[in-house]
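Q: Take a look at this one; I'll ask things after.
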Amino acid sequence: MSVQAIPGTQIKAQAASPALTAEHLKQVDRIAGLNILVAILALSIGALLGVFQGLEHARVINIYPWLQPVIKTYYQGLTLHGALNAIVWTTFFICGFFTFAFVRSLNRPLKYLWMSWLAFGVMVLGLLTAAVPMLTNQASVLYTFYPPMLADWAFYVGLTLLVVGSWIVGYSMYFTYYAWRKENPEKRAPFIALAATITMVLWQIATLGVAAEILFILLPNALAPVLGFTAPGMDPLLSRTLFWWFGHPLVYFWLLPAYVSWYAMLPAQTNGKMFSEPLARLVFWLFLLFSTPVGFHHQYADPGIPEIWKYIHMIFTFGVGFPSLITAFTVVASLEIGARARGGKGYLRWITRLNWGDPSYAAQNLAMILFIFGGIGGLVNASLNVNLLVHNTAWIVGHFHLTVGSAVTLTFMGVTYWLLPHLLGRQLWSRGLALVQAVLWFVGMAVFAYALHNLGLLDTPRRTMLGAAPYRLAEWQPWLVLVGIGGVILFLSGLLYFVLVVLTALAGERQPVPAPAFAETIHGPADTPRAFDRLAPWLVVSVVLIVVGYGPVFWQVLSQGTPPAAGLRVW
């Protein structure tokens, strides 16, 4: 019997999704595990260099003369610390974590698995290429690599390959998400898959700025003496502007994977439920909109940018605080639901019923507490007038250690405590020591960041070898000692983390370890507007905001004909 279509309606065919096989999951887990292995190795080396800097500041010991010829100068160590901890550790961990979670969220195999393997290979090649000039003191240009300082060409090629590899991770996810959408046109996208996709789109937009800086400004100048042509020179203001197009959205590339865990996994680890999936989706869309046109709040002291555009970026910077405020409300509500399900009572006593005995949960909750203070400090940084009090001081160092060093890193450590045992099929070697490690990181970072914020208020400069500074003031010394103490505690915590990872891999009890369940939702996909599932409108608005925020300034900088500066080395 034939079926007649009802007039005015259209029947959409729905193709069946390919089955997610055990073999495919095994390959996905290998990719995730290799990414996380590289990330942990980078963090371990970077953290070791970090404690050297803290001890040097405190004038306890200057270990750099002892490290010759491996680390020739303080600034070489500072460059390695920033690159390994802020770029390598975060990027590799995020790519591994997202690959793992994205596939399970969609319950669909990656459309092109080979792309994920290619991405890992390109990223490793980029890391090794950039490592050579950094380790040979040919790229001691610090994390921001501001012109006219010029590194060896291999440093820029390596960074480019690392970024391109991370783009390929995003493409693998885009193709898979698009295929899933064609197979399920009427379904709402699973939250984790959608959030991961938005984050990788944000990353691709953000890295366009630094890609342009490297490919069109830095690399031609670095290659000139090698290939025998005249260096074109550099415009420092244009270069700085392109860097901060990338530099602040980078913070949200670090942070949003932590948000994925806080929203969609952490509540389930303490018997809770996601309070509002519609609000969670809105948070990620708002970050996509407002993350990029905020770079000028890093350039308030740059004279070549008109005040009105600094003001506009200030407004956008305050705007990007709203999704974090929404997150504070919804995540705490999700955790309170879990605590009360575990017998919590009263206005605040329910906090004691959270799952503090689980090191994975405890690490992430402690990360959120530190992030509260990082967010408060961010309001100071965003303010056009107040920022001038702390610009280029140790305050800024304290601030980003509360963000990438705490909210991000401590959360990723907590994720490691369930993800690594699951990937290895081995129990965590010691839950008690893992809990000690998380608490030590919390205490060490609280001491370290508190001291740095106070030093910033005393006008202590950043990016400086303070132990050797002739202008060092006596009133700085007590706080610099605290920096050293906090750094030692952080180093001990980082060492314990590395030891736990190694012992879990080598001596953990062999036993299948399930990944934590994705949190159920109180207000779920059915309550979510369909617009929250569509990328195109949000992407268009994001591009419009970027054009408004940057277009006129780029036009002015490019048209004013600033004489190009020659590249130089100051180390």
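Numbering starts fresh at 1 for the residues of each chain in the structure tokens, the chains themselves are lettered A, B, ... in the order given, and ligands are numbered from 1 as they appear.
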Quick one: everything within 8 Å of Arg431 (chain A), counting only C-alpha atoms, minus sequence neighbours fewer than 3 positions away in the same chain. Send it as a CSV table (one decimal) with C-alpha atoms, in the first residue's frame.
A:
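Written output follows (part09.csv):
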chain,number,residue,atom,x,y,z
A,358,ASP,CA,37.2,11.9,45.2
A,359,PRO,CA,40.5,13.5,44.0
A,428,LEU,CA,44.6,5.2,40.0
A,434,ALA,CA,46.0,12.4,44.4
A,435,LEU,CA,43.9,14.2,46.9
Q: Quick one: residues within 10 Å of Leu354 (chain A), only C-alpha atoms counted, chain neighbours fewer than 3 positions away excluded, as a PDB file with C-alpha atoms, in the first residue's frame?
A:
ATOM      1  CA  PRO A 267      27.790  17.130  38.741  1.00  0.00           C
ATOM      2  CA  GLN A 269      30.667  12.870  40.153  1.00  0.00           C
ATOM      3  CA  THR A 270      28.806  14.183  43.195  1.00  0.00           C
ATOM      4  CA  ASN A 271      25.309  12.763  42.495  1.00  0.00           C
ATOM      5  CA  GLY A 272      24.069  15.996  40.926  1.00  0.00           C
ATOM      6  CA  LEU A 335      26.555  20.787  42.622  1.00  0.00           C
ATOM      7  CA  GLU A 336      24.095  21.815  45.339  1.00  0.00           C
ATOM      8  CA  ILE A 337      21.562  19.393  43.876  1.00  0.00           C
ATOM      9  CA  GLY A 338      24.136  16.632  44.231  1.00  0.00           C
ATOM     10  CA  ALA A 339      25.132  17.612  47.759  1.00  0.00           C
ATOM     11  CA  ARG A 340      21.521  17.630  48.915  1.00  0.00           C
ATOM     12  CA  ALA A 341      21.001  14.251  47.277  1.00  0.00           C
ATOM     13  CA  ARG A 342      23.907  13.071  49.444  1.00  0.00           C
ATOM     14  CA  GLY A 343      22.196  14.349  52.606  1.00  0.00           C
ATOM     15  CA  GLY A 344      23.338  17.979  52.638  1.00  0.00           C
ATOM     16  CA  ARG A 349      26.324  23.103  55.271  1.00  0.00           C
ATOM     17  CA  TRP A 350      25.431  21.187  52.102  1.00  0.00           C
ATOM     18  CA  ILE A 351      28.907  22.081  50.826  1.00  0.00           C
ATOM     19  CA  GLY A 357      36.957  12.380  48.935  1.00  0.00           C
ATOM     20  CA  ASP A 358      37.205  11.866  45.171  1.00  0.00           C
ATOM     21  CA  TYR A 361      36.077  15.967  41.939  1.00  0.00           C
ATOM     22  CA  ALA A 362      38.068  17.792  44.636  1.00  0.00           C
ATOM     23  CA  ASN A 365      36.076  22.150  42.708  1.00  0.00           C
TER      24      ASN A 365
END
Q: Determine the nearest neighbour of Phe92 (chain A) from the options A:Ile217, A:Leu325, A:Gln556, A:Trp167, counting only C-alpha atoms.
A: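 With only C-alpha atoms as the atom set, the closest residue is A:Trp167.
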Q: Determine, for each residue of region 378-455 of chain A having at least one atom at most 9 Å from an atom of region 30-45 of chain A, the closest pair of atoms and their separation in Å to one decimal, counting only C-alpha atoms; order by chain and ascending number, as JSON lines.
A:
{"residue": "A:Thr416", "atom": "CA", "partner": "A:Ile36", "partner_atom": "CA", "distance": 8.5}
{"residue": "A:Leu419", "atom": "CA", "partner": "A:Gly33", "partner_atom": "CA", "distance": 8.8}
{"residue": "A:Leu420", "atom": "CA", "partner": "A:Gly33", "partner_atom": "CA", "distance": 7.5}
{"residue": "A:Leu423", "atom": "CA", "partner": "A:Gly33", "partner_atom": "CA", "distance": 6.7}
{"residue": "A:Leu424", "atom": "CA", "partner": "A:Gly33", "partner_atom": "CA", "distance": 8.5}
Q: Can I get the selection written as an mmCIF file, in the first residue's frame, with all heavy atoms?
A:
data_model
loop_
_atom_site.group_PDB
_atom_site.id
_atom_site.type_symbol
_atom_site.label_atom_id
_atom_site.label_comp_id
_atom_site.auth_asym_id
_atom_site.auth_seq_id
_atom_site.Cartn_x
_atom_site.Cartn_y
_atom_site.Cartn_z
ATOM 1 N N THR A 416 42.400 14.160 34.574
ATOM 2 C CA THR A 416 43.386 13.086 34.404
ATOM 3 C C THR A 416 43.110 11.929 35.352
ATOM 4 O O THR A 416 43.315 10.762 34.997
ATOM 5 C CB THR A 416 44.810 13.622 34.671
ATOM 6 O OG1 THR A 416 45.061 14.738 33.825
ATOM 7 C CG2 THR A 416 45.861 12.545 34.406
ATOM 8 N N LEU A 419 40.352 10.043 33.598
ATOM 9 C CA LEU A 419 40.573 9.713 32.196
ATOM 10 C C LEU A 419 41.738 8.745 32.018
ATOM 11 O O LEU A 419 41.640 7.769 31.261
ATOM 12 C CB LEU A 419 40.817 10.999 31.403
ATOM 13 C CG LEU A 419 41.057 10.850 29.903
ATOM 14 C CD1 LEU A 419 39.923 10.073 29.243
ATOM 15 C CD2 LEU A 419 41.216 12.219 29.238
ATOM 16 N N LEU A 420 42.854 9.006 32.707
ATOM 17 C CA LEU A 420 44.019 8.141 32.533
ATOM 18 C C LEU A 420 43.735 6.705 32.985
ATOM 19 O O LEU A 420 44.055 5.761 32.247
ATOM 20 C CB LEU A 420 45.220 8.729 33.281
ATOM 21 C CG LEU A 420 46.564 8.063 32.988
ATOM 22 C CD1 LEU A 420 46.979 8.312 31.538
ATOM 23 C CD2 LEU A 420 47.641 8.584 33.936
ATOM 24 N N LEU A 423 41.720 5.073 30.251
ATOM 25 C CA LEU A 423 42.473 4.772 29.035
ATOM 26 C C LEU A 423 43.437 3.609 29.237
ATOM 27 O O LEU A 423 43.653 2.801 28.320
ATOM 28 C CB LEU A 423 43.257 6.007 28.586
ATOM 29 C CG LEU A 423 42.433 7.219 28.139
ATOM 30 C CD1 LEU A 423 43.352 8.398 27.832
ATOM 31 C CD2 LEU A 423 41.581 6.885 26.932
ATOM 32 N N LEU A 424 44.008 3.504 30.438
ATOM 33 C CA LEU A 424 44.999 2.472 30.708
ATOM 34 C C LEU A 424 44.389 1.160 31.193
ATOM 35 O O LEU A 424 45.059 0.122 31.169
ATOM 36 C CB LEU A 424 46.006 2.971 31.758
ATOM 37 C CG LEU A 424 46.873 4.169 31.362
ATOM 38 C CD1 LEU A 424 47.703 4.633 32.560
ATOM 39 C CD2 LEU A 424 47.793 3.812 30.201
#
Q: Per residue of region 150-269 of chain A within 12 Å of region 400-409 of chain A, note the shortest atom pair and the distance in Å to one decimal, counting only C-alpha atoms, and order the rows by chain and increasing residue number, as a Markdown table.
A:
| residue | atom | partner | partner_atom | distance |
| --- | --- | --- | --- | --- |
| A:Gly247 | CA | A:Phe400 | CA | 11.9 |
| A:His248 | CA | A:Phe400 | CA | 10.8 |
| A:Leu250 | CA | A:Val404 | CA | 10.0 |
| A:Val251 | CA | A:Val404 | CA | 7.2 |
| A:Tyr252 | CA | A:Val404 | CA | 9.6 |
| A:Phe253 | CA | A:Val408 | CA | 9.9 |
| A:Trp254 | CA | A:Val408 | CA | 6.3 |
| A:Leu255 | CA | A:Val408 | CA | 5.8 |
| A:Leu256 | CA | A:Val408 | CA | 8.8 |
| A:Pro257 | CA | A:Val408 | CA | 8.2 |
| A:Ala258 | CA | A:Val408 | CA | 6.0 |
| A:Tyr259 | CA | A:Val408 | CA | 9.1 |
| A:Val260 | CA | A:Val408 | CA | 11.4 |
| A:Ser261 | CA | A:Val408 | CA | 10.7 |
| A:Trp262 | CA | A:Ala407 | CA | 10.6 |
Q: With a distance cut-off of 8 Å and only C-alpha atoms, select the neighbouring residues of Trp418 (chain A), excluding the residue or stretch itself and same-chain residues fewer than 4 positions from it, and output the selection as a PyMOL selection string.
A: chain A and resi 360+414+422+428+513+515-516
Q: Just the selected residues (N, CA, C and O atoms), exported as a PDB file, in the first residue's frame, please.
A:
ATOM      1  N   SER A 360      39.442  13.483  41.781  1.00  0.00           N
ATOM      2  CA  SER A 360      39.051  14.102  40.517  1.00  0.00           C
ATOM      3  C   SER A 360      38.052  15.221  40.770  1.00  0.00           C
ATOM      4  O   SER A 360      38.184  16.325  40.238  1.00  0.00           O
ATOM      5  N   GLY A 414      42.416  17.111  37.563  1.00  0.00           N
ATOM      6  CA  GLY A 414      41.276  16.335  38.046  1.00  0.00           C
ATOM      7  C   GLY A 414      40.710  15.421  36.978  1.00  0.00           C
ATOM      8  O   GLY A 414      40.359  14.266  37.249  1.00  0.00           O
ATOM      9  N   HIS A 422      40.956   5.190  32.966  1.00  0.00           N
ATOM     10  CA  HIS A 422      40.048   4.609  31.973  1.00  0.00           C
ATOM     11  C   HIS A 422      40.811   4.205  30.714  1.00  0.00           C
ATOM     12  O   HIS A 422      40.589   3.118  30.164  1.00  0.00           O
ATOM     13  N   LEU A 428      43.725   4.165  39.596  1.00  0.00           N
ATOM     14  CA  LEU A 428      44.621   5.224  40.039  1.00  0.00           C
ATOM     15  C   LEU A 428      45.495   4.685  41.167  1.00  0.00           C
ATOM     16  O   LEU A 428      44.992   4.051  42.100  1.00  0.00           O
ATOM     17  N   VAL A 513      38.176   0.643  34.263  1.00  0.00           N
ATOM     18  CA  VAL A 513      37.727   1.831  34.993  1.00  0.00           C
ATOM     19  C   VAL A 513      36.771   2.597  34.093  1.00  0.00           C
ATOM     20  O   VAL A 513      37.176   3.122  33.050  1.00  0.00           O
ATOM     21  N   ALA A 515      34.533   5.589  32.570  1.00  0.00           N
ATOM     22  CA  ALA A 515      34.546   7.050  32.581  1.00  0.00           C
ATOM     23  C   ALA A 515      33.310   7.540  33.331  1.00  0.00           C
ATOM     24  O   ALA A 515      32.289   6.848  33.385  1.00  0.00           O
ATOM     25  N   PRO A 516      33.381   8.708  33.957  1.00  0.00           N
ATOM     26  CA  PRO A 516      32.188   9.215  34.651  1.00  0.00           C
ATOM     27  C   PRO A 516      31.052   9.446  33.670  1.00  0.00           C
ATOM     28  O   PRO A 516      31.266   9.842  32.526  1.00  0.00           O
TER      29      PRO A 516
END
Q: Would you mind listing what lies within 6 Å of Tyr143 (chain A) as a list in words, with only C-alpha atoms counted and same-chain residues fewer than 4 positions away left out?
A: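 Using only C-alpha atoms, the neighbours found are Thr79, Gly82 and Ala83 of chain A.
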Q: Export N, CA and C atoms of the chosen residues as an mmCIF file, in the first residue's frame?
A:
data_model
loop_
_atom_site.group_PDB
_atom_site.id
_atom_site.type_symbol
_atom_site.label_atom_id
_atom_site.label_comp_id
_atom_site.auth_asym_id
_atom_site.auth_seq_id
_atom_site.Cartn_x
_atom_site.Cartn_y
_atom_site.Cartn_z
ATOM 1 N N THR A 79 60.969 31.681 28.642
ATOM 2 C CA THR A 79 60.334 31.365 27.362
ATOM 3 C C THR A 79 59.864 29.923 27.332
ATOM 4 N N GLY A 82 56.781 29.467 29.655
ATOM 5 C CA GLY A 82 55.536 29.973 29.083
ATOM 6 C C GLY A 82 55.042 29.139 27.928
ATOM 7 N N ALA A 83 55.951 28.761 27.016
ATOM 8 C CA ALA A 83 55.530 27.997 25.839
ATOM 9 C C ALA A 83 55.043 26.603 26.217
#
Q: Let's see if you can do this: from backbone DSSP, list all strand (DSSP E or B) residues in region 258-402 of chain A, as JSON, numbers by chain.
A: {"A": [274, 275, 276, 393]}
Q: Of the candidates A:Phe100, A:Phe175, A:Phe191, A:Phe246, which shows the shortest atom-to-atom distance to Arg281 (chain A), using only C-alpha atoms?
A: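 Among the listed residues, the smallest separation from Arg281 (chain A) belongs to A:Phe191.
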Q: Report, in Å to a single decimal, how far apart CA of Ala280 (chain A) and CA of Tyr263 (chain A) are.
A: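 Separation of CA of Tyr263 (chain A) and CA of Ala280 (chain A): 7.2 Å.
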Q: Tell me which protein, DNA and RNA residues are within 12 Å of region 462-477 of chain A, counting only C-alpha atoms, leaving out same-chain ones fewer than 5 positions away, and put them as JSON, numbers by chain.
A: {"A": [52, 53, 54, 55, 56, 57, 58, 59, 60, 61, 62, 63, 64, 73, 74, 75, 76, 77, 78, 79, 82, 140, 141, 142, 143, 144, 145, 390, 391, 392, 393, 394, 395, 396, 397, 398, 399, 451, 452, 453, 454, 455, 456, 457, 482, 483, 484]}
Q: I'd like the interatomic distance between CA of Gly46 (chain A) and CA of Leu84 (chain A), to a tenth of an Å.
A: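 Going from CA of Gly46 (chain A) over to CA of Leu84 (chain A), I get 5.4 Å.
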Q: For the structure I just gave you, how does DSSP split region 330-554 of chain A - specifically, which residues are helix (DSSP H, G or I)? Reply as a PyMOL selection string.
A: chain A and resi 330-341+349-353+359-382+387-390+394-424+431-457+466-468+474-507+525-527+530-533+535-554
